[in-house]
file coords_0.pdb (PDB, C-alpha atoms and all ligand atoms)
ATOM      1  CA  MET A   1     -43.500  79.330   5.038
ATOM      2  CA  GLU A   2     -43.203  77.070   1.962
ATOM      3  CA  ILE A   3     -45.123  73.808   2.268
ATOM      4  CA  ASN A   4     -44.123  70.924   0.020
ATOM      5  CA  VAL A   5     -46.356  68.153  -1.311
ATOM      6  CA  ASP A   6     -45.121  65.537   1.176
ATOM      7  CA  GLN A   7     -45.897  67.885   4.078
ATOM      8  CA  ILE A   8     -49.421  68.424   2.736
ATOM      9  CA  ASN A   9     -49.869  64.664   2.397
ATOM     10  CA  LEU A  10     -48.688  64.044   5.963
ATOM     11  CA  MET A  11     -50.905  66.842   7.293
ATOM     12  CA  THR A  12     -53.826  65.297   5.408
ATOM     13  CA  LYS A  13     -53.136  61.920   6.999
ATOM     14  CA  LYS A  14     -52.952  63.464  10.466
ATOM     15  CA  GLY A  15     -56.193  65.278   9.733
ATOM     16  CA  LEU A  16     -57.986  62.130   8.581
ATOM     17  CA  ARG A  17     -56.832  60.423  11.771
ATOM     18  CA  GLY A  18     -58.730  63.051  13.709
ATOM     19  CA  ASP A  19     -56.384  66.030  14.076
ATOM     20  CA  LEU A  20     -58.756  68.703  12.847
ATOM     21  CA  LYS A  21     -56.178  71.494  13.153
ATOM     22  CA  ASN A  22     -54.079  69.767  10.499
ATOM     23  CA  PHE A  23     -57.125  69.033   8.381
ATOM     24  CA  GLU A  24     -58.242  72.656   8.470
ATOM     25  CA  SER A  25     -54.703  73.828   7.594
ATOM     26  CA  VAL A  26     -54.848  71.647   4.488
ATOM     27  CA  LEU A  27     -58.193  73.206   3.538
ATOM     28  CA  ASP A  28     -56.702  76.694   4.132
ATOM     29  CA  PHE A  29     -53.803  75.823   1.829
ATOM     30  CA  LEU A  30     -55.975  74.329  -0.918
ATOM     31  CA  GLU A  31     -58.469  77.184  -0.806
ATOM     32  CA  LYS A  32     -55.802  79.452  -2.289
ATOM     33  CA  TYR A  33     -56.097  77.359  -5.460
ATOM     34  CA  GLY A  34     -59.787  76.552  -5.032
ATOM     35  CA  ASN A  35     -60.822  78.012  -8.398
ATOM     36  CA  ALA A  36     -59.005  75.216 -10.186
ATOM     37  CA  THR A  37     -61.496  72.426 -10.939
ATOM     38  CA  ILE A  38     -59.177  69.632  -9.812
ATOM     39  CA  VAL A  39     -58.411  71.372  -6.496
ATOM     40  CA  LYS A  40     -62.104  71.959  -5.858
ATOM     41  CA  TYR A  41     -62.767  68.295  -6.606
ATOM     42  CA  GLY A  42     -59.986  67.317  -4.205
ATOM     43  CA  MET A  43     -61.360  69.522  -1.435
ATOM     44  CA  TYR A  44     -64.845  67.999  -1.673
ATOM     45  CA  SER A  45     -63.233  64.574  -1.715
ATOM     46  CA  LEU A  46     -61.318  65.423   1.473
ATOM     47  CA  VAL A  47     -64.516  66.490   3.233
ATOM     48  CA  PHE A  48     -66.126  63.139   2.356
ATOM     49  CA  GLN A  49     -62.959  61.377   3.528
ATOM     50  CA  ILE A  50     -62.990  63.089   6.915
ATOM     51  CA  ALA A  51     -66.695  62.360   7.290
ATOM     52  CA  MET A  52     -65.838  58.663   6.883
ATOM     53  CA  ASN A  53     -62.709  58.667   9.063
ATOM     54  CA  LYS A  54     -63.614  61.025  11.864
ATOM     55  CA  PHE A  55     -67.203  62.136  12.076
ATOM     56  CA  ILE A  56     -69.505  59.263  11.161
ATOM     57  CA  ASP A  57     -69.183  55.978  13.031
ATOM     58  CA  ILE A  58     -68.975  53.291  10.356
ATOM     59  CA  SER A  59     -67.534  50.526  12.524
ATOM     60  CA  LYS A  60     -70.780  48.489  12.450
ATOM     61  CA  GLU A  61     -70.926  48.535   8.640
ATOM     62  CA  CYS A  62     -67.234  47.618   8.336
ATOM     63  CA  GLU A  63     -67.540  44.776  10.812
ATOM     64  CA  GLU A  64     -70.577  43.383   8.967
ATOM     65  CA  CYS A  65     -68.761  43.739   5.639
ATOM     66  CA  GLY A  66     -65.693  41.961   6.934
ATOM     67  CA  GLY A  67     -63.240  44.348   5.283
ATOM     68  CA  LYS A  68     -63.849  43.735   1.569
ATOM     69  CA  CYS A  69     -61.868  46.843   0.611
ATOM     70  CA  CYS A  70     -58.767  45.116   2.031
ATOM     71  CA  GLN A  71     -59.465  41.974   0.001
ATOM     72  CA  ILE A  72     -60.707  43.104  -3.415
ATOM     73  CA  GLY A  73     -59.118  45.353  -5.998
ATOM     74  CA  TYR A  74     -55.820  46.503  -7.424
ATOM     75  CA  PRO A  75     -52.779  46.642  -5.141
ATOM     76  CA  VAL A  76     -52.873  49.492  -2.626
ATOM     77  CA  PRO A  77     -50.289  52.187  -3.449
ATOM     78  CA  VAL A  78     -47.957  53.069  -0.583
ATOM     79  CA  TYR A  79     -46.177  56.333  -1.371
ATOM     80  CA  GLY A  80     -42.820  57.548  -0.118
ATOM     81  CA  PHE A  81     -44.389  59.638   2.667
ATOM     82  CA  ASP A  82     -46.419  56.582   3.787
ATOM     83  CA  TYR A  83     -43.349  54.405   3.720
ATOM     84  CA  GLU A  84     -41.380  56.829   5.899
ATOM     85  CA  GLU A  85     -44.045  56.489   8.600
ATOM     86  CA  LEU A  86     -44.284  52.709   8.257
ATOM     87  CA  ARG A  87     -40.514  52.266   8.299
ATOM     88  CA  ASN A  88     -40.422  53.557  11.870
ATOM     89  CA  LYS A  89     -43.364  51.442  13.056
ATOM     90  CA  LEU A  90     -43.100  48.042  11.389
ATOM     91  CA  SER A  91     -40.691  45.182  11.887
ATOM     92  CA  MET A  92     -38.362  44.193   9.040
ATOM     93  CA  GLU A  93     -40.560  41.146   8.544
ATOM     94  CA  ASP A  94     -43.689  43.281   8.094
ATOM     95  CA  LEU A  95     -41.898  45.753   5.823
ATOM     96  CA  LYS A  96     -41.230  42.852   3.464
ATOM     97  CA  LYS A  97     -45.004  42.707   2.829
ATOM     98  CA  LEU A  98     -44.587  45.924   0.813
ATOM     99  CA  GLU A  99     -43.454  45.401  -2.782
ATOM    100  CA  LYS A 100     -41.042  48.079  -3.900
ATOM    101  CA  VAL A 101     -41.720  49.661  -7.299
ATOM    102  CA  ASP A 102     -39.245  52.516  -6.867
ATOM    103  CA  SER A 103     -38.001  54.701  -3.999
ATOM    104  CA  ASN A 104     -41.296  56.612  -3.963
ATOM    105  CA  LEU A 105     -43.807  53.834  -4.521
ATOM    106  CA  PHE A 106     -44.513  50.483  -2.896
ATOM    107  CA  LEU A 107     -47.515  48.185  -3.329
ATOM    108  CA  LEU A 108     -49.615  46.203  -0.909
ATOM    109  CA  ARG A 109     -51.360  43.360  -2.705
ATOM    110  CA  ARG A 110     -54.927  42.504  -1.788
ATOM    111  CA  PRO A 111     -56.002  40.501   0.090
ATOM    112  CA  CYS A 112     -53.801  42.579   2.349
ATOM    113  CA  LYS A 113     -51.516  40.742   4.719
ATOM    114  CA  PHE A 114     -52.127  43.365   7.417
ATOM    115  CA  GLN A 115     -55.814  42.512   7.664
ATOM    116  CA  LYS A 116     -56.729  40.643  10.851
ATOM    117  CA  GLY A 117     -60.368  39.545  10.711
ATOM    118  CA  TRP A 118     -62.240  42.629   9.519
ATOM    119  CA  TYR A 119     -59.769  44.972  11.177
ATOM    120  CA  CYS A 120     -56.562  46.613   9.950
ATOM    121  CA  SER A 121     -53.648  45.612  12.202
ATOM    122  CA  ILE A 122     -51.792  48.820  11.238
ATOM    123  CA  HIS A 123     -54.857  51.071  11.538
ATOM    124  CA  LYS A 124     -53.004  53.877  13.356
ATOM    125  CA  PHE A 125     -50.451  54.298  10.572
ATOM    126  CA  LYS A 126     -52.068  52.761   7.525
ATOM    127  CA  PRO A 127     -51.320  54.304   4.106
ATOM    128  CA  TYR A 128     -53.156  57.323   2.742
ATOM    129  CA  ALA A 129     -54.848  55.165   0.071
ATOM    130  CA  CYS A 130     -56.571  53.220   2.866
ATOM    131  CA  LEU A 131     -57.551  56.333   4.801
ATOM    132  CA  SER A 132     -59.063  57.892   1.699
ATOM    133  CA  TYR A 133     -61.092  54.851   0.603
ATOM    134  CA  PRO A 134     -63.429  54.984  -1.314
ATOM    135  CA  PHE A 135     -63.733  58.721  -1.948
ATOM    136  CA  ALA A 136     -60.285  59.188  -3.446
ATOM    137  CA  THR A 137     -59.560  55.719  -4.721
ATOM    138  CA  GLU A 138     -58.563  56.176  -8.328
ATOM    139  CA  ASP A 139     -60.103  52.976  -9.703
ATOM    140  CA  GLU A 140     -63.416  53.827  -7.986
ATOM    141  CA  GLN A 141     -63.431  57.534  -8.812
ATOM    142  CA  ARG A 142     -62.062  57.701 -12.346
ATOM    143  CA  ASP A 143     -65.481  58.529 -13.877
ATOM    144  CA  ALA A 144     -66.289  61.053 -11.148
ATOM    145  CA  ILE A 145     -62.975  62.860 -11.735
ATOM    146  CA  ASN A 146     -63.333  62.851 -15.507
ATOM    147  CA  SER A 147     -66.930  64.101 -15.474
ATOM    148  CA  TYR A 148     -66.490  66.841 -12.845
ATOM    149  CA  ASP A 149     -66.768  70.298 -14.403
ATOM    150  CA  GLY A 150     -66.196  72.377 -11.272
ATOM    151  CA  LYS A 151     -69.915  73.043 -10.715
ATOM    152  CA  GLY A 152     -71.614  71.669  -7.632
ATOM    153  CA  ILE A 153     -70.489  68.606  -5.738
ATOM    154  CA  PRO A 154     -68.737  65.685  -7.494
ATOM    155  CA  ASP A 155     -70.795  62.506  -7.793
ATOM    156  CA  PHE A 156     -68.467  60.171  -5.864
ATOM    157  CA  LYS A 157     -68.851  56.494  -6.677
ATOM    158  CA  VAL A 158     -69.135  53.934  -3.914
ATOM    159  CA  PRO A 159     -68.955  50.185  -4.608
ATOM    160  CA  GLU A 160     -72.213  48.362  -3.899
ATOM    161  CA  TYR A 161     -70.572  46.216  -1.196
ATOM    162  CA  CYS A 162     -69.229  49.218   0.743
ATOM    163  CA  LYS A 163     -72.154  49.906   3.066
ATOM    164  CA  ALA A 164     -70.030  52.299   5.123
ATOM    165  CA  GLY A 165     -69.263  54.441   2.079
ATOM    166  CA  MET A 166     -72.940  54.271   1.047
ATOM    167  CA  ARG A 167     -74.010  55.490   4.473
ATOM    168  CA  VAL A 168     -71.497  58.335   4.472
ATOM    169  CA  LYS A 169     -72.575  59.386   0.973
ATOM    170  CA  HIS A 170     -76.238  59.307   2.027
ATOM    171  CA  ILE A 171     -75.564  61.481   5.092
ATOM    172  CA  MET A 172     -73.401  63.900   3.094
ATOM    173  CA  ASN A 173     -76.077  64.185   0.404
ATOM    174  CA  GLN A 174     -78.615  65.094   3.089
ATOM    175  CA  ILE A 175     -76.316  67.812   4.453
ATOM    176  CA  ILE A 176     -75.700  69.093   0.907
ATOM    177  CA  THR A 177     -79.451  69.238   0.219
ATOM    178  CA  ASP A 178     -80.101  71.105   3.475
ATOM    179  CA  LEU A 179     -77.323  73.607   2.780
ATOM    180  CA  THR A 180     -78.363  74.090  -0.858
ATOM    181  CA  ASN A 181     -81.910  74.887   0.280
ATOM    182  CA  LYS A 182     -80.598  77.334   2.864
ATOM    183  CA  LEU A 183     -77.968  79.066   0.706
ATOM    184  CA  GLY A 184     -79.720  78.894  -2.658
ATOM    185  CA  ARG A 185     -76.582  77.306  -4.159
ATOM    186  CA  PRO A 186     -74.414  74.253  -3.479
ATOM    187  CA  PRO A 187     -72.132  74.659  -0.444
ATOM    188  CA  THR A 188     -68.416  75.269  -0.907
ATOM    189  CA  PRO A 189     -66.124  72.553   0.487
ATOM    190  CA  ARG A 190     -65.494  74.721   3.569
ATOM    191  CA  GLU A 191     -69.225  75.290   4.154
ATOM    192  CA  LEU A 192     -69.841  71.568   3.800
ATOM    193  CA  TYR A 193     -67.031  70.773   6.236
ATOM    194  CA  ASN A 194     -68.243  73.328   8.789
ATOM    195  CA  GLU A 195     -71.781  71.953   8.677
ATOM    196  CA  LEU A 196     -70.539  68.365   8.971
ATOM    197  CA  LYS A 197     -68.406  69.335  11.948
ATOM    198  CA  SER A 198     -71.228  71.218  13.638
ATOM    199  CA  ARG A 199     -73.530  68.179  13.332
ATOM    200  CA  TYR A 200     -71.086  65.354  14.089
ATOM    201  CA  TYR A 201     -68.137  66.650  16.095
ATOM    202  CA  LYS A 202     -67.327  64.561  19.122
ATOM    203  CA  ASN A 203     -63.873  64.755  20.630
ATOM    204  CA  GLU A 204     -62.997  61.111  20.263
ATOM    205  CA  GLU A 205     -60.902  58.617  18.326
ATOM    206  CA  THR A 206     -61.333  58.026  14.616
ATOM    207  CA  THR A 207     -64.131  55.644  13.708
ATOM    208  CA  SER A 208     -63.169  53.596  10.661
ATOM    209  CA  LYS A 209     -61.543  50.201  10.505
TER     210      LYS A 209
HETATM  211  S1  LIG B   1     -64.903  50.690   4.160
HETATM  212 FE1  LIG B   1     -66.528  49.661   2.997
HETATM  213  S2  LIG B   1     -65.580  47.942   1.936
HETATM  214 FE2  LIG B   1     -64.181  48.622   3.597
HETATM  215  S3  LIG B   1     -64.701  47.355   5.376
HETATM  216 FE3  LIG B   1     -65.919  49.221   5.533
HETATM  217  S4  LIG B   1     -67.892  48.713   4.511
HETATM  218 FE4  LIG B   1     -66.377  47.172   3.880
HETATM  219  S1  LIG B   2     -53.175  48.421   5.247
HETATM  220 FE1  LIG B   2     -54.944  48.003   6.521
HETATM  221  S2  LIG B   2     -56.615  49.251   5.648
HETATM  222 FE2  LIG B   2     -54.971  49.103   4.115
HETATM  223  S3  LIG B   2     -55.541  47.359   2.811
HETATM  224 FE3  LIG B   2     -54.174  46.592   4.445
HETATM  225  S4  LIG B   2     -55.528  45.870   6.090
HETATM  226 FE4  LIG B   2     -56.715  47.199   4.711
END
call {"tool": "encode", "arguments": {"input": "coords_0.pdb", "output": "structure tokens"}}
result
Amino acid sequence: MEINVDQINLMTKKGLRGDLKNFESVLDFLEKYGNATIVKYGMYSLVFQIAMNKFIDISKECEECGGKCCQIGYPVPVYGFDYEELRNKLSMEDLKKLEKVDSNLFLLRRPCKFQKGWYCSIHKFKPYACLSYPFATEDEQRDAINSYDGKGIPDFKVPEYCKAGMRVKHIMNQIITDLTNKLGRPPTPRELYNELKSRYYKNEETTSK
């Protein structure tokens, strides 16, 4: 069966919300192209993203932070596939908070009007850019993307104020070190994911804000 880009994006979102079957299907799909440097980079990024969204409880760090990622930075991109989900969930009034660029791109200015205290009031259907923060956020990761040569694990950047991202990166680095010692080489994205899952899997709701 042919899978188009929007389907992959929606499967990724479902996966990051905790549906591991969808997440693993995305990894299966990407593995077919896993020799390409950019795909390999993307797969490692996804494993860090699911660590942050599903496996590692970062709620304490986010609460203490107060949700700076929803307040600071460039506008959040909301793509066509995000908008299709939001269109069915939000009131007309709330939809007006999204600024239309074209039919496939909207923007959410920060500070984001959906933030309530430290929490996201549309957490269950927030855009992919929010789910993937900070490990796929373009303004944070530009240097990591440009410097990645396909060898080893990308050096993802985490803003100083993002203690949740720092904690996830620290835990992931520990897992990577353990696996590298065991295997005698850096783990593939799938090996990293499997080890993360074996250490942190609990059948429960997602953990991020
Ligand atoms: S993800 Fe990072 S920046 Fe965002 S609320 Fe949590 S700690 Fe703060
Ligand atoms: S949609 Fe939610 S997670 Fe995204 S910036 Fe707004 S408040 Fe933050």
call {"tool": "residues_around", "arguments": {"input": "coords_0.pdb", "residues": "Leu192 of chain A", "least_positions_apart": "3", "cutoff": "12 Å", "atoms": "only C-alpha atoms", "output": "ChimeraX atom specification"}}
result
/A:27,43-48,50-51,152-153,171-180,183,185-189,195-199
call {"tool": "atom_distance", "arguments": {"input": "coords_0.pdb", "atom1": "atom CA of Asn104 of chain A", "atom2": "atom CA of Val5 of chain A"}}
result
12.9 Å
call {"tool": "resolve_selection", "arguments": {"input": "coords_0.pdb", "expression": "the PyMOL selection byres (((not hetatm)) within 6 of (chain B and resi 1))", "output": "PyMOL selection string"}}
result
chain A and resi 61-62+65-69+162-165
call {"tool": "write_last_selection", "arguments": {"input": "coords_0.pdb", "atoms": "C-alpha atoms", "output": "mmCIF file, in the coordinates of the input"}}
result
data_model
loop_
_atom_site.group_PDB
_atom_site.id
_atom_site.type_symbol
_atom_site.label_atom_id
_atom_site.label_comp_id
_atom_site.auth_asym_id
_atom_site.auth_seq_id
_atom_site.Cartn_x
_atom_site.Cartn_y
_atom_site.Cartn_z
ATOM 1 C CA GLU A 61 -70.926 48.535 8.640
ATOM 2 C CA CYS A 62 -67.234 47.618 8.336
ATOM 3 C CA CYS A 65 -68.761 43.739 5.639
ATOM 4 C CA GLY A 66 -65.693 41.961 6.934
ATOM 5 C CA GLY A 67 -63.240 44.348 5.283
ATOM 6 C CA LYS A 68 -63.849 43.735 1.569
ATOM 7 C CA CYS A 69 -61.868 46.843 0.611
ATOM 8 C CA CYS A 162 -69.229 49.218 0.743
ATOM 9 C CA LYS A 163 -72.154 49.906 3.066
ATOM 10 C CA ALA A 164 -70.030 52.299 5.123
ATOM 11 C CA GLY A 165 -69.263 54.441 2.079
#
call {"tool": "atom_distance", "arguments": {"input": "coords_0.pdb", "atom1": "atom CA of Asp139 of chain A", "atom2": "atom CA of Asn53 of chain A"}}
result
19.8 Å
call {"tool": "resolve_selection", "arguments": {"input": "coords_0.pdb", "expression": "the PyMOL selection byres (((not hetatm)) within 12 of (chain B and resi 2))", "output": "JSON, numbers by chain"}}
result
{"A": [53, 62, 66, 67, 68, 69, 70, 71, 72, 73, 74, 75, 76, 77, 78, 82, 83, 86, 90, 94, 95, 97, 98, 107, 108, 109, 110, 111, 112, 113, 114, 115, 116, 117, 118, 119, 120, 121, 122, 123, 124, 125, 126, 127, 128, 129, 130, 131, 132, 133, 134, 137, 208, 209]}
